[in-house]
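Enquirer: A single structure is presented below for examination.
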Amino acid sequence: MFIAMNRFKVAKGEESAFETVWSSRKTRLDEMPGFLAFHLLKGPEREDHTLYSSHTTWASKDDFTAWTKSEQFRDSHRNAGQKREKPLFLGHPEFEGFETVLSETNPHRPLQAAE
């Protein structure tokens, strides 16, 4: 399994607009082989920003790499760099990719569809 994360420092007061951008776009992730799940995570608040992370889970790193080279990726990111009167986040998103080396599930809980 491969987990891809992008961290965003969202400017104070722009959290709702940032979440709307994500919730209103068509990602086309479901069209990609190996795509398992997506989550937009809201983290701690700082003085000038709130930390967010986009989190996708893939069957393999190769599946993720194929996504980044796909028409679906280009289409879903088409407006990502759109100029705004006031920027939604500070700086550039920070990418982090992780390959699973150990995994554990709760044997007492049924698996969810995306697991």
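All residue names refer to the structure tokens as shown: chains lettered A, B, ... in order, residues numbered from 1 in each chain, ligands numbered from 1 in order.
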Report as a list in words all protein, DNA and RNA residues lying within 7 Å of region 41-55 of chain A, evaluated on only C-alpha atoms, omitting residues in the same chain fewer than 2 positions from it.

Expert: Ile3, Ala4, Met5, Asn6, Arg7, Phe8, Lys9, Val10, Ala11, Lys12, Phe38, His39 and Thr57 of chain A

Enquirer: Which of chain A end up as alpha helix (DSSP H) when DSSP is run on this backbone - answer as a PyMOL selection string?

Expert: chain A and resi 15-24+61-68+71-76

Enquirer: Kindly give the distance, in Å, that separates CA of Phe98 (chain A) and CA of Pro110 (chain A), rounded to a single decimal.

Expert: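 One can read the CA of Phe98 (chain A) to CA of Pro110 (chain A) distance as 25.0 Å.
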
Enquirer: Would you mind listing what lies within 10 Å of Phe64 (chain A) as a list in words, with only C-alpha atoms counted and same-chain residues fewer than 4 positions away left out?

Expert: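 Surrounding residues, per the criterion: Met1, Phe2, Ile3, Ala4, Met32, Pro33, Gly34, Phe35, Thr56, Thr57, Trp58, Ala59, Ser60, Thr68, Lys69, Ser70 and Gly97 of chain A.
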
Enquirer: Excluding Leu29 (chain A) and its own-chain neighbours fewer than 6 positions away, which residues fall within 9 Å of it when counting only C-alpha atoms? Please give them as an MDAnalysis selection string.

Expert: chainID A and resid 35:38 67 72:73 76

Enquirer: What does the file look like for those residues with C-alpha atoms, as a PDB file, in the first residue's frame?

Expert:
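Okay, selection.pdb is ready:
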ATOM      1  CA  PHE A  35      -7.160   3.919  -5.875  1.00  0.00           C
ATOM      2  CA  LEU A  36      -8.475   2.937  -2.435  1.00  0.00           C
ATOM      3  CA  ALA A  37      -9.518   6.059  -0.498  1.00  0.00           C
ATOM      4  CA  PHE A  38      -9.270   9.834  -0.165  1.00  0.00           C
ATOM      5  CA  TRP A  67      -2.364   8.716 -11.397  1.00  0.00           C
ATOM      6  CA  GLN A  72      -7.652  12.336 -14.809  1.00  0.00           C
ATOM      7  CA  PHE A  73      -4.927  13.958 -12.689  1.00  0.00           C
ATOM      8  CA  SER A  76      -8.787  17.304 -11.497  1.00  0.00           C
TER       9      SER A  76
END

Enquirer: What does the distance from CA of Glu71 (chain A) to CA of Thr20 (chain A) come to in Å, to one decimal?

Expert: 22.9 Å

Enquirer: Measuring between only C-alpha atoms, which one of A:Asp62, A:Glu14, A:Arg78, A:Val101 shows the shortest distance to Lys26 (chain A)?

Expert: A:Arg78

Enquirer: Name the closest residue to Leu90 (chain A) among the candidates A:Ser103, A:His77, A:Leu111, A:Phe18; distances are taken between atoms, counting only C-alpha atoms.

Expert: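 Smallest distance to Leu90 (chain A) is found for A:Phe18.
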